[in-house]
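target18.cif, holding mmCIF, C-alpha atoms and all ligand atoms:
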```
data_run
#
loop_
_atom_site.label_atom_id
_atom_site.label_comp_id
_atom_site.auth_asym_id
_atom_site.auth_seq_id
_atom_site.Cartn_x
_atom_site.Cartn_y
_atom_site.Cartn_z
CA MET M 1 61.90 132.61 149.34
CA LEU M 2 65.63 131.97 148.80
CA ARG M 3 66.12 135.69 148.22
CA LEU M 4 64.51 136.51 151.56
CA LEU M 5 66.63 133.89 153.34
CA LEU M 6 69.84 135.28 151.83
CA LEU M 7 68.82 138.84 152.75
CA TYR M 8 68.09 137.70 156.29
CA LEU M 9 71.53 136.03 156.46
CA SER M 10 73.17 139.23 155.15
CA GLY M 11 72.32 140.86 158.49
CA ALA M 12 72.98 137.88 160.79
CA SER M 13 76.26 138.12 162.70
CA TRP M 14 76.47 134.36 163.32
CA ALA M 15 76.26 133.71 159.56
CA ARG M 16 78.83 136.47 158.90
CA ARG M 17 81.32 134.73 161.21
CA ILE M 18 80.88 131.39 159.46
CA VAL M 19 80.94 132.67 155.86
CA MET M 20 83.84 135.11 156.32
CA GLY M 21 86.00 132.36 157.74
CA TRP M 22 85.42 130.25 154.67
CA GLY M 23 88.13 130.47 152.00
CA LEU M 24 85.77 129.45 149.20
CA ALA M 25 83.32 132.26 150.05
CA ARG M 26 86.18 134.74 149.92
CA ARG M 27 87.16 133.47 146.46
CA VAL M 28 83.59 133.68 145.15
CA ALA M 29 83.17 137.16 146.67
CA ARG M 30 86.14 138.31 144.57
CA ARG M 31 83.82 138.19 141.58
CA TYR M 32 82.01 141.23 143.04
CA VAL M 33 84.75 142.91 145.07
CA ALA M 34 87.91 144.43 143.57
CA GLY M 35 90.09 143.24 146.44
CA GLU M 36 90.88 144.06 150.03
CA THR M 37 93.38 146.92 149.60
CA GLU M 38 93.50 150.39 148.10
CA ASP M 39 96.14 149.17 145.63
CA ASP M 40 93.72 146.46 144.42
CA VAL M 41 90.94 148.94 143.76
CA ILE M 42 93.18 151.50 142.07
CA ALA M 43 94.34 148.79 139.64
CA ALA M 44 90.71 147.73 138.95
CA ILE M 45 89.62 151.32 138.26
CA ARG M 46 92.55 151.86 135.91
CA VAL M 47 91.49 148.84 133.83
CA LEU M 48 87.92 150.18 133.61
CA ASN M 49 89.11 153.68 132.66
CA GLN M 50 91.21 152.19 129.87
CA LYS M 51 87.98 150.75 128.44
CA GLY M 52 86.26 154.14 128.48
CA ILE M 53 84.32 153.31 131.67
CA THR M 54 84.27 155.63 134.69
CA ALA M 55 84.05 154.30 138.25
CA THR M 56 82.57 155.08 141.61
CA VAL M 57 84.65 153.57 144.39
CA ASP M 58 83.24 152.29 147.67
CA ILE M 59 84.99 151.15 150.85
CA LEU M 60 82.95 148.19 152.05
CA GLY M 61 81.38 148.70 155.45
CA GLU M 62 78.09 149.66 157.04
CA SER M 63 76.47 150.05 160.45
CA THR M 64 79.62 150.89 162.40
CA ALA M 65 79.25 150.23 166.10
CA ASP M 66 81.21 153.15 167.55
CA ALA M 67 82.71 156.57 166.87
CA ALA M 68 86.28 155.25 166.58
CA GLU M 69 85.30 152.88 163.77
CA ALA M 70 83.42 155.70 161.97
CA SER M 71 86.56 157.86 162.18
CA ARG M 72 88.65 155.08 160.65
CA TYR M 73 86.22 154.92 157.70
CA ALA M 74 86.35 158.67 157.26
CA GLU M 75 90.17 158.63 157.29
CA ALA M 76 90.21 155.81 154.76
CA TYR M 77 87.89 157.80 152.46
CA LEU M 78 90.06 160.90 152.72
CA HIS M 79 93.13 158.87 151.81
CA LEU M 80 91.29 157.18 148.95
CA ILE M 81 90.11 160.49 147.47
CA GLU M 82 93.67 161.88 147.52
CA ARG M 83 94.90 158.70 145.84
CA VAL M 84 92.22 158.68 143.11
CA SER M 85 93.14 162.25 142.32
CA ALA M 86 96.91 161.67 142.43
CA GLU M 87 96.53 158.68 140.08
CA GLN M 88 94.38 160.82 137.74
CA LEU M 89 91.62 158.22 137.68
CA LYS M 90 88.11 158.92 136.44
CA SER M 91 86.16 157.95 139.53
CA SER M 92 83.66 159.38 141.94
CA VAL M 93 83.17 158.02 145.46
CA SER M 94 80.23 156.17 147.00
CA LEU M 95 79.68 155.75 150.72
CA LYS M 96 77.18 154.67 153.33
CA LEU M 97 76.25 157.06 156.11
CA THR M 98 75.96 154.24 158.64
CA ALA M 99 79.65 153.44 158.02
CA LEU M 100 80.40 157.05 158.99
CA GLY M 101 78.49 156.82 162.25
CA LEU M 102 74.93 157.87 161.35
CA GLY M 103 73.56 155.27 163.76
CA VAL M 104 76.03 156.23 166.50
CA ASP M 105 75.60 160.02 166.41
CA PRO M 106 74.36 162.03 163.40
CA ALA M 107 76.62 164.94 164.43
CA ILE M 108 79.72 162.76 164.06
CA CYS M 109 78.52 161.56 160.67
CA HIS M 110 77.86 165.15 159.58
CA ASP M 111 81.39 166.23 160.56
CA HIS M 112 82.92 163.34 158.61
CA MET M 113 80.79 164.12 155.57
CA ARG M 114 81.84 167.78 155.57
CA HIS M 115 85.48 166.81 155.73
CA ILE M 116 85.11 164.22 152.96
CA LEU M 117 83.12 166.60 150.74
CA ASP M 118 85.65 169.43 151.26
CA THR M 119 88.50 167.17 150.21
CA ALA M 120 86.55 165.70 147.30
CA ARG M 121 85.57 169.18 146.09
CA THR M 122 89.22 170.28 146.09
CA HIS M 123 89.88 167.49 143.60
CA GLY M 124 86.67 167.91 141.56
CA ILE M 125 85.28 164.58 142.78
CA ASN M 126 81.60 163.82 143.39
CA VAL M 127 80.35 161.78 146.34
CA THR M 128 77.21 159.64 146.16
CA ILE M 129 75.45 158.64 149.37
CA ASP M 130 74.29 155.03 148.93
CA MET M 131 70.75 154.32 150.10
CA GLU M 132 70.39 151.70 152.83
CA ASP M 133 67.23 150.06 154.17
CA HIS M 134 64.03 152.08 154.55
CA THR M 135 64.63 152.84 158.23
CA ALA M 136 67.52 155.09 157.09
CA THR M 137 65.82 156.82 154.13
CA ASP M 138 64.56 159.93 155.95
CA ARG M 139 67.81 160.38 157.88
CA THR M 140 69.86 159.91 154.71
CA LEU M 141 67.88 162.45 152.68
CA ALA M 142 67.90 164.89 155.61
CA MET M 143 71.70 164.67 155.78
CA LEU M 144 71.97 165.15 152.01
CA ARG M 145 69.77 168.26 152.16
CA ARG M 146 71.65 169.68 155.12
CA LEU M 147 74.95 169.27 153.28
CA ARG M 148 73.58 170.81 150.09
CA ALA M 149 72.18 173.73 152.09
CA GLU M 150 75.72 174.20 153.40
CA GLY M 151 76.88 174.61 149.81
CA TYR M 152 78.13 171.12 148.95
CA GLU M 153 77.00 170.62 145.36
CA ASN M 154 79.25 167.59 144.90
CA VAL M 155 76.99 165.31 146.96
CA GLN M 156 74.54 163.03 145.15
CA ALA M 157 71.58 160.82 146.09
CA VAL M 158 70.35 157.27 145.46
CA ILE M 159 66.68 156.40 145.07
CA GLN M 160 65.28 152.86 145.17
CA ALA M 161 62.44 152.10 142.74
CA TYR M 162 60.92 149.46 145.05
CA LEU M 163 59.91 152.03 147.72
CA PHE M 164 56.41 153.50 147.37
CA ARG M 165 57.72 156.90 148.46
CA SER M 166 60.29 157.20 145.66
CA GLU M 167 58.18 159.06 143.10
CA ALA M 168 57.62 161.89 145.58
CA ASP M 169 61.31 161.87 146.57
CA ILE M 170 62.38 162.11 142.93
CA ALA M 171 60.05 165.04 142.27
CA THR M 172 61.60 166.98 145.16
CA LEU M 173 65.18 166.04 144.32
CA ALA M 174 64.61 167.09 140.70
CA GLU M 175 63.39 170.50 141.87
CA GLU M 176 66.49 170.75 144.03
CA LYS M 177 68.62 169.77 140.98
CA VAL M 178 70.25 166.91 142.84
CA ASP M 179 71.99 164.20 140.77
CA VAL M 180 70.19 160.91 141.43
CA ARG M 181 71.26 157.30 140.93
CA LEU M 182 68.18 155.16 140.34
CA CYS M 183 68.42 151.51 141.41
CA LYS M 184 65.78 148.86 142.08
CA GLY M 185 66.70 148.42 145.76
CA ALA M 186 68.65 145.63 147.45
CA TYR M 187 67.27 145.21 151.00
CA ARG M 188 64.62 143.02 152.62
CA GLU M 189 61.71 145.43 152.99
CA PRO M 190 58.18 144.96 154.34
CA ALA M 191 55.23 145.08 151.93
CA SER M 192 54.01 148.17 153.80
CA VAL M 193 56.85 150.27 152.31
CA ALA M 194 58.02 148.50 149.13
CA HIS M 195 56.63 146.60 146.14
CA PRO M 196 57.04 142.89 146.92
CA ARG M 197 56.66 141.75 143.29
CA LYS M 198 59.49 142.08 140.76
CA SER M 199 57.07 143.05 137.97
CA ASP M 200 55.84 146.01 140.06
CA VAL M 201 59.40 147.06 140.89
CA ASP M 202 60.27 146.96 137.18
CA ALA M 203 57.20 149.04 136.26
CA ALA M 204 58.10 151.57 138.96
CA TYR M 205 61.70 151.66 137.71
CA VAL M 206 60.62 152.57 134.17
CA LYS M 207 58.26 155.26 135.45
CA LEU M 208 60.93 156.82 137.69
CA MET M 209 63.59 156.58 134.96
CA LYS M 210 61.33 158.65 132.69
CA LEU M 211 60.77 161.27 135.41
CA LEU M 212 64.52 161.55 135.95
CA LEU M 213 65.33 161.81 132.25
CA ASP M 214 62.62 164.45 131.76
CA ALA M 215 64.00 166.44 134.69
CA ALA M 216 67.57 166.12 133.40
CA ASN M 217 66.47 167.31 129.99
CA ALA M 218 64.96 170.36 131.67
CA GLY M 219 68.21 171.03 133.57
CA GLY M 220 67.32 169.25 136.83
CA GLY M 221 70.21 166.93 137.68
CA TYR M 222 72.20 164.18 136.00
CA PRO M 223 70.67 160.70 136.44
CA GLY M 224 72.62 157.49 136.87
CA ILE M 225 70.48 154.66 135.54
CA ALA M 226 71.86 151.88 137.73
CA THR M 227 70.73 148.46 136.55
CA HIS M 228 71.92 145.30 134.79
CA ASP M 229 68.44 144.51 133.55
CA PRO M 230 68.34 144.48 129.73
CA ALA M 231 64.66 145.48 129.80
CA MET M 232 65.39 148.59 131.92
CA ILE M 233 68.35 149.50 129.71
CA ALA M 234 66.31 149.07 126.52
CA ALA M 235 63.48 151.19 127.97
CA THR M 236 65.97 153.94 128.88
CA ARG M 237 67.60 153.94 125.46
CA ALA M 238 64.21 154.01 123.73
CA TYR M 239 62.88 156.83 125.91
CA ALA M 240 66.02 158.95 125.43
CA GLU M 241 65.77 158.48 121.69
CA GLN M 242 62.04 159.16 121.57
CA CYS M 243 62.40 162.39 123.59
CA HIS M 244 65.63 163.50 121.87
CA ILE M 245 67.54 163.45 125.16
CA SER M 246 71.21 163.62 124.33
CA LEU M 247 73.56 160.96 125.68
CA ASP M 248 75.49 163.45 127.81
CA ARG M 249 72.37 164.11 129.95
CA PHE M 250 72.52 160.76 131.79
CA GLU M 251 74.67 157.68 132.29
CA PHE M 252 74.27 153.98 132.91
CA GLN M 253 75.74 152.43 136.05
CA MET M 254 76.47 148.80 136.96
CA LEU M 255 78.21 146.88 139.72
CA TYR M 256 81.75 145.56 139.44
CA GLY M 257 81.79 142.01 138.09
CA ILE M 258 78.20 141.98 136.82
CA ARG M 259 77.66 141.88 133.05
CA PRO M 260 81.09 143.29 132.15
CA ALA M 261 80.54 142.64 128.42
CA LEU M 262 77.38 144.77 128.48
CA GLN M 263 79.26 147.50 130.34
CA GLU M 264 81.83 147.64 127.54
CA GLU M 265 79.17 147.45 124.83
CA LEU M 266 77.30 150.47 126.23
CA ALA M 267 80.54 152.45 126.60
CA ARG M 268 81.47 151.64 122.99
CA ALA M 269 77.97 152.73 121.86
CA GLY M 270 78.70 156.19 123.29
CA TYR M 271 76.73 156.03 126.57
CA GLY M 272 78.25 157.23 129.81
CA MET M 273 79.03 154.04 131.73
CA ARG M 274 80.06 154.05 135.38
CA VAL M 275 80.92 150.97 137.41
CA TYR M 276 80.54 150.79 141.19
CA VAL M 277 83.78 149.26 142.48
CA PRO M 278 83.76 148.10 146.12
CA PHE M 279 86.81 146.96 148.02
CA GLY M 280 87.86 146.17 151.57
CA THR M 281 87.66 143.46 154.16
CA GLN M 282 84.01 143.97 155.18
CA TRP M 283 82.58 142.26 152.08
CA TYR M 284 80.04 139.95 153.76
CA PRO M 285 76.71 141.89 153.63
CA TYR M 286 77.49 143.27 150.16
CA PHE M 287 78.28 139.78 148.88
CA MET M 288 75.11 138.28 150.38
CA ARG M 289 72.95 140.98 148.75
CA ARG M 290 74.54 140.12 145.40
CA LEU M 291 73.79 136.42 145.94
CA ALA M 292 70.20 137.32 146.88
CA GLU M 293 69.74 139.23 143.62
CA ARG M 294 70.61 136.19 141.62
CA PRO M 295 70.15 132.98 143.58
CA ALA M 296 71.44 131.15 140.45
CA ASN M 297 74.84 132.35 141.70
CA LEU M 298 74.46 129.85 144.52
CA TRP M 299 74.95 127.11 141.90
CA PHE M 300 78.19 128.75 140.91
CA PHE M 301 79.11 128.70 144.58
CA ALA M 302 78.03 125.05 144.95
CA SER M 303 79.86 123.87 141.82
CA ASN M 304 83.09 125.43 143.14
CA LEU M 305 82.46 123.71 146.44
CA PHE M 306 82.21 120.29 144.83
CA ARG M 307 85.24 120.96 142.67
CA GLY M 308 87.08 121.53 145.98
P1 LIG M 401 67.61 142.53 138.43
O1 LIG M 401 67.90 142.17 139.84
O2 LIG M 401 66.22 142.29 137.90
O3 LIG M 401 68.67 141.81 137.51
C1 LIG M 401 68.64 141.91 136.09
C2 LIG M 401 69.71 141.01 135.50
O4 LIG M 401 71.00 141.49 135.88
C3 LIG M 401 69.68 139.59 136.03
O5 LIG M 401 68.80 138.79 135.31
C4 LIG M 401 71.12 139.17 135.87
O6 LIG M 401 71.39 138.82 134.54
C5 LIG M 401 71.88 140.42 136.20
N1 LIG M 401 72.22 140.48 137.63
C6 LIG M 401 71.63 141.24 138.57
N2 LIG M 401 72.21 141.05 139.77
C7 LIG M 401 73.16 140.12 139.57
C8 LIG M 401 74.12 139.51 140.43
N3 LIG M 401 74.18 139.80 141.72
N4 LIG M 401 74.97 138.59 139.89
C9 LIG M 401 74.92 138.28 138.58
N5 LIG M 401 74.03 138.85 137.72
C10 LIG M 401 73.17 139.75 138.21
N6 LIG M 401 70.83 149.15 145.99
C11 LIG M 401 70.45 149.82 147.11
O7 LIG M 401 69.50 149.41 147.77
N7 LIG M 401 71.13 150.96 147.47
C12 LIG M 401 72.14 151.46 146.74
O8 LIG M 401 72.72 152.50 147.10
C13 LIG M 401 72.53 150.78 145.57
N8 LIG M 401 73.57 151.23 144.79
C14 LIG M 401 73.79 150.64 143.56
C15 LIG M 401 74.71 151.19 142.69
C16 LIG M 401 74.85 150.68 141.40
C17 LIG M 401 75.82 151.31 140.46
C18 LIG M 401 74.06 149.54 141.00
C19 LIG M 401 74.17 148.98 139.61
C20 LIG M 401 73.20 148.96 141.88
C21 LIG M 401 73.05 149.49 143.17
N9 LIG M 401 72.19 148.91 144.08
C22 LIG M 401 71.85 149.59 145.22
C23 LIG M 401 71.67 147.52 143.85
C24 LIG M 401 70.32 147.53 143.16
O9 LIG M 401 69.33 148.04 144.02
C25 LIG M 401 69.91 146.12 142.71
O10 LIG M 401 69.80 145.30 143.84
C26 LIG M 401 70.85 145.47 141.72
O11 LIG M 401 71.35 146.39 140.81
C27 LIG M 401 70.15 144.35 140.93
O12 LIG M 401 69.08 144.90 140.22
P2 LIG M 401 69.01 145.06 138.63
O13 LIG M 401 68.49 146.41 138.30
O14 LIG M 401 70.31 144.72 138.02
O15 LIG M 401 67.87 144.07 138.16
#
```

If you convert what's in this file into structure tokens, what do you get?
Amino acid sequence: MLRLLLLYLSGASWARRIVMGWGLARRVARRYVAGETEDDVIAAIRVLNQKGITATVDILGESTADAAEASRYAEAYLHLIERVSAEQLKSSVSLKLTALGLGVDPAICHDHMRHILDTARTHGINVTIDMEDHTATDRTLAMLRRLRAEGYENVQAVIQAYLFRSEADIATLAEEKVDVRLCKGAYREPASVAHPRKSDVDAAYVKLMKLLLDAANAGGGYPGIATHDPAMIAATRAYAEQCHISLDRFEFQMLYGIRPALQEELARAGYGMRVYVPFGTQWYPYFMRRLAERPANLWFFASNLFRG
């Protein structure tokens, strides 16, 4: 119930105005966001790299309202890619197509993606297209396929275990040898398209993880197992061991600020470990989705409130 309320608020502009103007919310959001500037995120990635953890860096923003805003995002990504390369950081890039104008005009978004992928390819950097709510899934996968057909092999996909369609999507992406990040899914979705119960999402996650690992073992892509759930991580480790899948065939991924000790433990144990590091001023919807995943975080929020 609380989760659904928080997810509803994540998309409500009136709530965004209130929460973003609140200094305490900004301080709590810093737990999940590396800062507001490029310098902040570069420093955060460097710390992770020193611990043997790679990164994927994201400029916060989604659902841009016009072409000018989409162009500003694209420019910011181009600058960021040059900077990551110049600083010799181990980091890929993650982005949302709606930030690059998918909802304004797919042709504009396509042009921005080509430019970003060209620049990223020059520096040997991969770009993962985050997956947004189910109304964007077809358009997102269509854009990914169009770009791959144009020869961009450095573009990667995200699949959400909670969607009923995901098993079929994974089968096709594996055939196409696309690298896939598997996550549970973070949006408020209707029961007609997604499992409403956590236990069903978890069961789907394990099933899809196995499909991805099998495909990777047969040469079909490099999976990112993106979860903080100890049960999902244990299932992945056990399956890899059982099927003799070597550790260089997949990696674990987590979000910045969530279970950092586990991130370091997995890196020390020899697993590939990548952390998604978001930064920027548009932190509101991202922050609300993180609160929704763990409503217990609201207590953390409340206790800070009462402490003043
Ligand atoms: P689950 O939600 O069951 O949490 C398991 C445990 O992890 C919790 O018990 C808690 O200990 C810890 N935890 C989880 N969330 C926490 C939080 N916010 N604060 C503190 N502790 C927390 N989604 C999407 O729809 N599209 C996308 O493109 C992406 N991209 C993405 C990239 C990466 C690298 C990750 C790790 C995740 C995503 N996600 C995403 C988000 C994903 O769909 C999902 O919402 C979160 O990862 C939470 O799910 P878990 O698998 O961690 O399990």

Listing only residues of chain M within 7 Å of ligand LIG 401 (chain M), what is the closest atom pair and its distance in Å (to one decimal) for each, using all atoms listed in the file, sorted by chain and residue number ascending, as a Markdown table?
```
| residue | atom | partner | partner_atom | distance |
| --- | --- | --- | --- | --- |
| M:Asp130 | CA | M:LIG401 | O8 | 3.5 |
| M:Met131 | CA | M:LIG401 | O8 | 4.0 |
| M:Glu132 | CA | M:LIG401 | N7 | 5.5 |
| M:Asp133 | CA | M:LIG401 | O7 | 6.8 |
| M:Val158 | CA | M:LIG401 | O8 | 5.6 |
| M:Gln160 | CA | M:LIG401 | O7 | 6.0 |
| M:Cys183 | CA | M:LIG401 | O9 | 4.4 |
| M:Lys184 | CA | M:LIG401 | O9 | 4.1 |
| M:Gly185 | CA | M:LIG401 | O9 | 3.2 |
| M:Ala186 | CA | M:LIG401 | O10 | 3.8 |
| M:Tyr187 | CA | M:LIG401 | O7 | 5.7 |
| M:Ala226 | CA | M:LIG401 | C19 | 4.2 |
| M:Thr227 | CA | M:LIG401 | O13 | 3.5 |
| M:His228 | CA | M:LIG401 | O14 | 3.7 |
| M:Asp229 | CA | M:LIG401 | C1 | 3.6 |
| M:Pro230 | CA | M:LIG401 | C1 | 6.9 |
| M:Gln253 | CA | M:LIG401 | C17 | 4.6 |
| M:Met254 | CA | M:LIG401 | C19 | 3.5 |
| M:Leu255 | CA | M:LIG401 | C19 | 4.6 |
| M:Ile258 | CA | M:LIG401 | C9 | 5.2 |
| M:Arg259 | CA | M:LIG401 | N5 | 6.6 |
| M:Val275 | CA | M:LIG401 | C17 | 6.0 |
| M:Tyr276 | CA | M:LIG401 | C17 | 4.8 |
| M:Arg290 | CA | M:LIG401 | N3 | 3.7 |
| M:Leu291 | CA | M:LIG401 | N3 | 5.4 |
| M:Ala292 | CA | M:LIG401 | N3 | 7.0 |
| M:Glu293 | CA | M:LIG401 | N3 | 4.9 |
| M:Arg294 | CA | M:LIG401 | C8 | 5.0 |
| M:Asn297 | CA | M:LIG401 | N4 | 6.5 |
```

Could I get the residues of range 210-308 of chain M with an atom no further than 9 Å from an atom of range 42-49 of chain M, each paired with its nearest atom pair and that distance in Å to one decimal, using only C-alpha atoms, sorted by chain and residue number, as a tab-separated table?
```
residue	atom	partner	partner_atom	distance
M:Glu264	CA	M:Leu48	CA	9.0
M:Arg274	CA	M:Leu48	CA	8.9
M:Val275	CA	M:Leu48	CA	8.0
M:Val277	CA	M:Ile45	CA	7.5
```

Would you kindly return, as a list in words, each protein, DNA or RNA residue with an atom no farther than 9 Å from any atom of Ala215 in chain M, considering only C-alpha atoms and excluding same-chain residues fewer than 5 positions away?
-> Ala171, Ala174, Glu175, Lys177, Lys210, Gly220, Gly221, Tyr222 and Pro223 of chain M

Cut-off 12 Å around (75.6, 170.4, 151.9) with all atoms listed in the file: residues as an MDAnalysis selection string | chainID M and resid 110:111 113:118 121 127 141:157 178

Shortest interatomic distance to Glu75 in chain M - which of M:Thr119, M:Thr128, M:Thr54, M:Gln263, counting all atoms listed in the file |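 Of all the options, M:Thr119 lies closest to Glu75 in chain M.
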
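One finds CA of Ser85 in chain M at 8.6 Å from CA of Gly124 in chain M.
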
Could you state the separation of CA of Glu36 in chain M and CA of Gly224 in chain M in Å, given to one decimal place?
-> 26.2 Å

If you count all atoms listed in the file, which residues fall within 10 Å of range 136-138 of chain M, apart from same-chain ones fewer than 6 positions away, as a VMD selection string?
-> chain M and resid 97 to 98 102 to 103 144 158 to 160 163 165

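You can rank M:Arg83, M:Ala120, M:Gly219, M:Ala99 by their closest distance to Glu176 in chain M using only C-alpha atoms, and at the top of that list sits M:Gly219.
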
Would you kindly identify which residues have an atom no farther than 9 Å from (57.3, 149.7, 153.2), using all atoms listed in the file and the file's own coordinates, and write them out as a VMD selection string?
-> chain M and resid 134 162 to 165 189 to 195

Considering only C-alpha atoms, state which residue in the set M:His79, M:His112, M:Arg181, M:Arg31 is at the smallest distance from Ile129 in chain M.
-> M:Arg181

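In this model, the gap between CA of Met288 in chain M and CA of Leu7 in chain M comes to 6.7 Å.
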
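Distance annotation: of M:Trp299, M:Glu38, M:Arg197, M:Arg188, the residue with the minimal separation from Arg3 in chain M is M:Arg188; atom set is all atoms listed in the file.
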
Write out as a count of residues only each polymer residue whose atoms come within 8 Å of Ala161 in chain M, counting all atoms listed in the file; drop sequence neighbours fewer than 4 positions from it.
-> 10

Quick one: of M:Pro285, M:Pro260, M:Gly35, M:Gly272, who's nearest to Arg17 in chain M, counting all atoms listed in the file?
->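 For Arg17 in chain M, the nearest of the given residues is M:Pro285.
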
Please, what is the axis-aligned box for every listed atom of range 60-68 of chain M with 6 Å on each side, as centre and edge lengths in Å to one decimal, as lines of an AutoDock Vina configuration file?
```
center_x = 81.4
center_y = 152.4
center_z = 159.8
size_x = 21.8
size_y = 20.4
size_z = 27.5
```

Could you tell me which of M:Ile18, M:Ile170, M:Met209, M:Ile53 comes closest to Glu265 in chain M if we count only C-alpha atoms?
->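 Smallest distance to Glu265 in chain M is found for M:Ile53.
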
Atom completion result for range 278-284 of chain M (all heavy atoms) as a compact mmCIF listing (two decimals), keeping the file's coordinate frame:
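After the write, part_21.txt holds the following:
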```txt
# COMPACT_ATOMS: atom_id res chain seq x y z
N PRO M 278 83.54 148.18 144.67
CA PRO M 278 83.76 148.10 146.12
C PRO M 278 85.04 147.35 146.44
O PRO M 278 85.47 146.46 145.68
CB PRO M 278 82.55 147.28 146.59
CG PRO M 278 82.19 146.43 145.43
CD PRO M 278 82.70 147.09 144.17
N PHE M 279 85.64 147.71 147.57
CA PHE M 279 86.81 146.96 148.02
C PHE M 279 86.86 147.03 149.55
O PHE M 279 86.19 147.85 150.17
CB PHE M 279 88.12 147.51 147.42
CG PHE M 279 88.61 148.76 148.08
CD1 PHE M 279 89.69 148.73 148.97
CD2 PHE M 279 88.00 149.98 147.87
CE1 PHE M 279 90.14 149.88 149.60
CE2 PHE M 279 88.44 151.14 148.49
CZ PHE M 279 89.51 151.09 149.37
N GLY M 280 87.68 146.15 150.12
CA GLY M 280 87.86 146.17 151.57
C GLY M 280 87.61 144.81 152.18
O GLY M 280 87.26 143.85 151.48
N THR M 281 87.77 144.75 153.47
CA THR M 281 87.66 143.46 154.16
C THR M 281 86.21 143.15 154.59
O THR M 281 85.88 141.99 154.84
CB THR M 281 88.55 143.45 155.42
OG1 THR M 281 88.21 144.60 156.20
CG2 THR M 281 90.02 143.51 155.06
N GLN M 282 85.37 144.18 154.67
CA GLN M 282 84.01 143.97 155.18
C GLN M 282 83.04 143.64 154.03
O GLN M 282 82.06 144.36 153.79
CB GLN M 282 83.54 145.21 155.95
CG GLN M 282 84.40 145.51 157.17
CD GLN M 282 84.51 144.31 158.11
OE1 GLN M 282 83.50 143.72 158.48
NE2 GLN M 282 85.73 143.93 158.46
N TRP M 283 83.32 142.56 153.30
CA TRP M 283 82.58 142.26 152.08
C TRP M 283 81.31 141.43 152.33
O TRP M 283 80.49 141.27 151.43
CB TRP M 283 83.47 141.51 151.08
CG TRP M 283 84.27 140.40 151.67
CD1 TRP M 283 85.54 140.48 152.15
CD2 TRP M 283 83.84 139.05 151.90
NE1 TRP M 283 85.94 139.26 152.65
CE2 TRP M 283 84.92 138.37 152.51
CE3 TRP M 283 82.66 138.34 151.64
CZ2 TRP M 283 84.84 137.01 152.86
CZ3 TRP M 283 82.58 137.00 151.99
CH2 TRP M 283 83.67 136.35 152.60
N TYR M 284 81.10 140.94 153.54
CA TYR M 284 80.04 139.95 153.76
C TYR M 284 78.62 140.43 153.38
O TYR M 284 77.97 139.80 152.54
CB TYR M 284 80.09 139.41 155.20
CG TYR M 284 78.95 138.51 155.50
CD1 TYR M 284 78.91 137.21 155.03
CD2 TYR M 284 77.85 138.96 156.23
CE1 TYR M 284 77.83 136.38 155.27
CE2 TYR M 284 76.77 138.14 156.48
CZ TYR M 284 76.77 136.85 155.99
OH TYR M 284 75.69 136.04 156.22
```
